[in-house]
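S.K.: One structure coming up, written as structure tokens, with questions to follow.
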Amino acid sequence: MQPVPTIKSRPVYPAIHVDPSVAYHLFIAGTGAFPSLSELYNACDGERSCWVIGESLQHISYKYPKGCHFIDESAMQETFSKLFATLPISTNLYLASKQESMLWDIHRLAVNAGLGQEQIKKLEPLSNERRLFCTHCYTLTDGVTYTPYECPGCKRLLLVRDHFSKLHSAYVGVQINAEDPSDIPEREELI
């Protein structure tokens, strides 16, 4: 269950349903996340396609739909920028990933290609991993699961806030002990 946001910028992920009036359904998932989209994928009557990021055919234990495309994460921006530019107007995009940052990176690519916000459906991320944006040195760090977190760029101890930046697909980190650097709060897992 998703925690109630304490700051209004933290993303909320409402339940997703397949809209039968949409002509084309595009499903994109990060490694290990497609099973959470499979029920929606199977509920589609219209034209559909499936893309998986970061998983190779050699290491797959899950049975993906026939014709599913597999790409490396490094090819994500180029591949999806081109793909999104060719989509029909009546398209819905369904996204699933362990990392919330990947959901929003793809969301940004889709919006830049002309898809409307209402066409992009995101499932709640499968992990509590966050991308962290340091407000002091602007370093982006993926995979953060606790607070406070030492920034790898400026070495400041950062409070990982619930404030989410769609621009960076990241949560904001601010120095937690600016007045007294020797005051090191106890570590807490993020939810």
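Chain identifiers are assigned as A, B, and so on, following the order in which chains appear in the structure tokens; residues are numbered from 1 within each chain, and ligands are numbered from 1 in order of appearance.
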At most 10 Å is the cut-off: for each residue in stretch 54-149 of chain A with any atom that close to an atom of stretch 6-30 of chain A, write down the nearest atom pair and the distance in Å rounded to one decimal, counting only C-alpha atoms, chain first then increasing number, as JSON lines.
M.R.:
```
{"residue": "A:Gly54", "atom": "CA", "partner": "A:Gly30", "partner_atom": "CA", "distance": 6.4}
{"residue": "A:Glu55", "atom": "CA", "partner": "A:Gly30", "partner_atom": "CA", "distance": 7.7}
{"residue": "A:Cys68", "atom": "CA", "partner": "A:Phe27", "partner_atom": "CA", "distance": 9.5}
{"residue": "A:His69", "atom": "CA", "partner": "A:Ile28", "partner_atom": "CA", "distance": 9.4}
{"residue": "A:Phe70", "atom": "CA", "partner": "A:Ala29", "partner_atom": "CA", "distance": 9.8}
{"residue": "A:Ile71", "atom": "CA", "partner": "A:Gly30", "partner_atom": "CA", "distance": 9.8}
{"residue": "A:Asp72", "atom": "CA", "partner": "A:Gly30", "partner_atom": "CA", "distance": 9.8}
{"residue": "A:Glu73", "atom": "CA", "partner": "A:Gly30", "partner_atom": "CA", "distance": 8.6}
{"residue": "A:Phe80", "atom": "CA", "partner": "A:Ile28", "partner_atom": "CA", "distance": 9.8}
{"residue": "A:Phe84", "atom": "CA", "partner": "A:Leu26", "partner_atom": "CA", "distance": 9.6}
{"residue": "A:Leu87", "atom": "CA", "partner": "A:Tyr24", "partner_atom": "CA", "distance": 8.1}
{"residue": "A:Pro88", "atom": "CA", "partner": "A:Tyr24", "partner_atom": "CA", "distance": 7.2}
{"residue": "A:Ile89", "atom": "CA", "partner": "A:Ala23", "partner_atom": "CA", "distance": 8.6}
{"residue": "A:Ser90", "atom": "CA", "partner": "A:Val22", "partner_atom": "CA", "distance": 5.3}
{"residue": "A:Thr91", "atom": "CA", "partner": "A:Tyr24", "partner_atom": "CA", "distance": 4.7}
{"residue": "A:Asn92", "atom": "CA", "partner": "A:His25", "partner_atom": "CA", "distance": 5.1}
{"residue": "A:Leu93", "atom": "CA", "partner": "A:Leu26", "partner_atom": "CA", "distance": 4.8}
{"residue": "A:Tyr94", "atom": "CA", "partner": "A:Phe27", "partner_atom": "CA", "distance": 4.8}
{"residue": "A:Leu95", "atom": "CA", "partner": "A:Ile28", "partner_atom": "CA", "distance": 5.1}
{"residue": "A:Ala96", "atom": "CA", "partner": "A:Ala29", "partner_atom": "CA", "distance": 4.7}
{"residue": "A:Ser97", "atom": "CA", "partner": "A:Gly30", "partner_atom": "CA", "distance": 4.6}
{"residue": "A:Lys98", "atom": "CA", "partner": "A:Gly30", "partner_atom": "CA", "distance": 6.8}
{"residue": "A:Gln99", "atom": "CA", "partner": "A:Gly30", "partner_atom": "CA", "distance": 8.1}
{"residue": "A:Glu100", "atom": "CA", "partner": "A:Pro11", "partner_atom": "CA", "distance": 9.3}
{"residue": "A:Met102", "atom": "CA", "partner": "A:Gly30", "partner_atom": "CA", "distance": 7.6}
{"residue": "A:Leu103", "atom": "CA", "partner": "A:Ala29", "partner_atom": "CA", "distance": 8.6}
{"residue": "A:Trp104", "atom": "CA", "partner": "A:Pro11", "partner_atom": "CA", "distance": 9.8}
{"residue": "A:Ile106", "atom": "CA", "partner": "A:Ile28", "partner_atom": "CA", "distance": 8.8}
{"residue": "A:Gln119", "atom": "CA", "partner": "A:Val22", "partner_atom": "CA", "distance": 9.5}
{"residue": "A:Ile120", "atom": "CA", "partner": "A:Leu26", "partner_atom": "CA", "distance": 9.6}
{"residue": "A:Lys121", "atom": "CA", "partner": "A:Ile16", "partner_atom": "CA", "distance": 6.5}
{"residue": "A:Lys122", "atom": "CA", "partner": "A:Tyr13", "partner_atom": "CA", "distance": 6.5}
{"residue": "A:Leu123", "atom": "CA", "partner": "A:Tyr13", "partner_atom": "CA", "distance": 6.1}
{"residue": "A:Glu124", "atom": "CA", "partner": "A:Tyr13", "partner_atom": "CA", "distance": 5.4}
{"residue": "A:Pro125", "atom": "CA", "partner": "A:Tyr13", "partner_atom": "CA", "distance": 8.8}
```
S.K.: Write the residues of the preceding selection, restricted to N, CA, C and O atoms, as a compact mmCIF listing (two decimals), in the first residue's frame.
M.R.:
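part-v8.txt written:
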```txt
# COMPACT_ATOMS: atom_id res chain seq x y z
N GLY A 54 16.20 -3.54 -20.02
CA GLY A 54 17.25 -4.03 -19.13
C GLY A 54 17.30 -5.51 -18.91
O GLY A 54 18.13 -5.99 -18.15
N GLU A 55 16.44 -6.27 -19.53
CA GLU A 55 16.46 -7.72 -19.33
C GLU A 55 16.79 -8.38 -20.66
O GLU A 55 16.22 -8.03 -21.68
N CYS A 68 7.42 -9.62 -27.82
CA CYS A 68 7.89 -8.62 -26.85
C CYS A 68 9.29 -8.16 -27.25
O CYS A 68 10.13 -8.96 -27.67
N HIS A 69 9.55 -6.86 -27.14
CA HIS A 69 10.83 -6.28 -27.50
C HIS A 69 11.67 -6.08 -26.23
O HIS A 69 11.15 -5.64 -25.21
N PHE A 70 12.97 -6.35 -26.33
CA PHE A 70 13.88 -6.19 -25.20
C PHE A 70 14.97 -5.20 -25.59
O PHE A 70 15.59 -5.36 -26.65
N ILE A 71 15.19 -4.19 -24.72
CA ILE A 71 16.23 -3.21 -25.01
C ILE A 71 17.08 -2.97 -23.75
O ILE A 71 16.60 -3.16 -22.64
N ASP A 72 18.28 -2.52 -23.96
CA ASP A 72 19.17 -2.15 -22.87
C ASP A 72 18.76 -0.77 -22.37
O ASP A 72 18.29 0.07 -23.15
N GLU A 73 18.96 -0.52 -21.09
CA GLU A 73 18.58 0.77 -20.51
C GLU A 73 19.30 1.93 -21.19
O GLU A 73 18.76 3.02 -21.33
N PHE A 80 12.74 5.03 -27.37
CA PHE A 80 11.39 5.48 -27.06
C PHE A 80 11.07 6.85 -27.65
O PHE A 80 9.92 7.11 -28.00
N PHE A 84 7.71 6.82 -29.67
CA PHE A 84 6.61 7.68 -29.25
C PHE A 84 6.20 8.66 -30.35
O PHE A 84 5.04 9.02 -30.46
N LEU A 87 3.51 7.01 -32.70
CA LEU A 87 2.29 6.41 -32.14
C LEU A 87 1.03 7.08 -32.69
O LEU A 87 1.01 8.29 -32.91
N PRO A 88 -0.04 6.29 -32.86
CA PRO A 88 -1.31 6.89 -33.25
C PRO A 88 -1.85 7.78 -32.13
O PRO A 88 -1.48 7.63 -30.97
N ILE A 89 -2.72 8.70 -32.49
CA ILE A 89 -3.29 9.62 -31.50
C ILE A 89 -4.01 8.86 -30.40
O ILE A 89 -3.90 9.21 -29.23
N SER A 90 -4.72 7.82 -30.74
CA SER A 90 -5.47 7.04 -29.76
C SER A 90 -4.59 5.95 -29.16
O SER A 90 -4.70 4.77 -29.49
N THR A 91 -3.67 6.37 -28.28
CA THR A 91 -2.72 5.46 -27.64
C THR A 91 -2.74 5.65 -26.14
O THR A 91 -2.86 6.77 -25.66
N ASN A 92 -2.63 4.56 -25.41
CA ASN A 92 -2.37 4.62 -23.98
C ASN A 92 -1.05 3.93 -23.72
O ASN A 92 -0.74 2.90 -24.33
N LEU A 93 -0.28 4.50 -22.80
CA LEU A 93 1.02 3.98 -22.41
C LEU A 93 0.92 3.49 -20.98
O LEU A 93 0.46 4.22 -20.10
N TYR A 94 1.33 2.24 -20.74
CA TYR A 94 1.27 1.62 -19.42
C TYR A 94 2.70 1.34 -18.97
O TYR A 94 3.45 0.67 -19.67
N LEU A 95 3.07 1.82 -17.77
CA LEU A 95 4.45 1.72 -17.31
C LEU A 95 4.54 0.99 -15.97
O LEU A 95 3.73 1.24 -15.07
N ALA A 96 5.57 0.17 -15.84
CA ALA A 96 5.86 -0.50 -14.57
C ALA A 96 7.37 -0.61 -14.43
O ALA A 96 8.08 -0.85 -15.41
N SER A 97 7.85 -0.43 -13.20
CA SER A 97 9.29 -0.52 -12.94
C SER A 97 9.53 -0.68 -11.45
O SER A 97 8.69 -0.29 -10.63
N LYS A 98 10.69 -1.24 -11.12
CA LYS A 98 11.11 -1.25 -9.72
C LYS A 98 11.40 0.18 -9.29
O LYS A 98 11.03 0.61 -8.22
N GLN A 99 12.09 0.94 -10.15
CA GLN A 99 12.54 2.28 -9.82
C GLN A 99 11.53 3.33 -10.30
O GLN A 99 11.19 3.40 -11.47
N GLU A 100 11.15 4.19 -9.37
CA GLU A 100 10.24 5.28 -9.70
C GLU A 100 10.86 6.22 -10.73
O GLU A 100 10.17 6.74 -11.61
N MET A 102 12.70 5.55 -13.28
CA MET A 102 12.52 5.05 -14.64
C MET A 102 11.11 5.37 -15.15
O MET A 102 10.94 5.76 -16.31
N LEU A 103 10.10 5.23 -14.29
CA LEU A 103 8.73 5.56 -14.69
C LEU A 103 8.66 7.00 -15.18
O LEU A 103 8.06 7.29 -16.22
N TRP A 104 9.27 7.91 -14.43
CA TRP A 104 9.18 9.33 -14.76
C TRP A 104 10.12 9.72 -15.90
O TRP A 104 9.82 10.66 -16.64
N ILE A 106 10.61 7.80 -18.53
CA ILE A 106 9.81 7.42 -19.70
C ILE A 106 8.63 8.37 -19.87
O ILE A 106 8.29 8.77 -20.99
N GLN A 119 -2.85 10.00 -21.09
CA GLN A 119 -2.54 8.81 -21.87
C GLN A 119 -1.47 7.94 -21.21
O GLN A 119 -1.24 6.82 -21.63
N ILE A 120 -0.82 8.46 -20.18
CA ILE A 120 0.30 7.77 -19.54
C ILE A 120 -0.16 7.21 -18.20
O ILE A 120 -0.51 7.96 -17.29
N LYS A 121 -0.16 5.89 -18.09
CA LYS A 121 -0.62 5.19 -16.88
C LYS A 121 0.58 4.53 -16.21
O LYS A 121 1.26 3.72 -16.82
N LYS A 122 0.82 4.90 -14.97
CA LYS A 122 1.98 4.36 -14.24
C LYS A 122 1.52 3.54 -13.04
O LYS A 122 0.71 4.02 -12.25
N LEU A 123 2.07 2.34 -12.93
CA LEU A 123 1.85 1.54 -11.73
C LEU A 123 2.78 2.05 -10.63
O LEU A 123 3.86 2.58 -10.91
N GLU A 124 2.38 1.84 -9.40
CA GLU A 124 3.23 2.21 -8.26
C GLU A 124 4.56 1.46 -8.38
O GLU A 124 4.59 0.28 -8.73
N PRO A 125 5.69 2.13 -8.13
CA PRO A 125 6.99 1.45 -8.23
C PRO A 125 7.05 0.21 -7.33
O PRO A 125 6.42 0.18 -6.27
```
S.K.: Once DSSP has gone over the backbone, tell me which residues of chain A are in helix (DSSP H, G or I), as a ChimeraX atom specification.
M.R.: /A:34-36,38-43,57-59,73-85,100-112,117-119
S.K.: Rank nothing, just name the residue among A:Arg161, A:Lys66, A:His136, A:Arg156 nearest to A:Ser182, using only C-alpha atoms.
M.R.: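 With only C-alpha atoms as the atom set, the closest residue is A:Arg156.
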S.K.: Using backbone DSSP assignments, extract all strand (DSSP E or B) residues from stretch 6-190 of chain A; output them as a ChimeraX atom specification.
M.R.: /A:24-30,47-53,69-71,91-96,120-122,130-134,140-144,146-147,149-150,157-165,170-175,188-189
S.K.: Please determine, counting only C-alpha atoms, which residue among A:Ile191, A:Tyr41, A:Lys155, A:His163 has the shortest atom-to-atom distance to A:Gln175.
M.R.: A:Lys155
S.K.: To one decimal place, how far is atom CA of A:Ile176 from atom CA of A:Thr147 in Å?
M.R.: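 Distance between the two atoms: 9.4 Å.
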S.K.: Find the residues around A:Leu167 up to 12 Å (only C-alpha atoms counted), leave out those fewer than 6 positions away in its own chain, and share them as a ChimeraX atom specification.
M.R.: /A:9,101,104-109,111-112,131,133,140
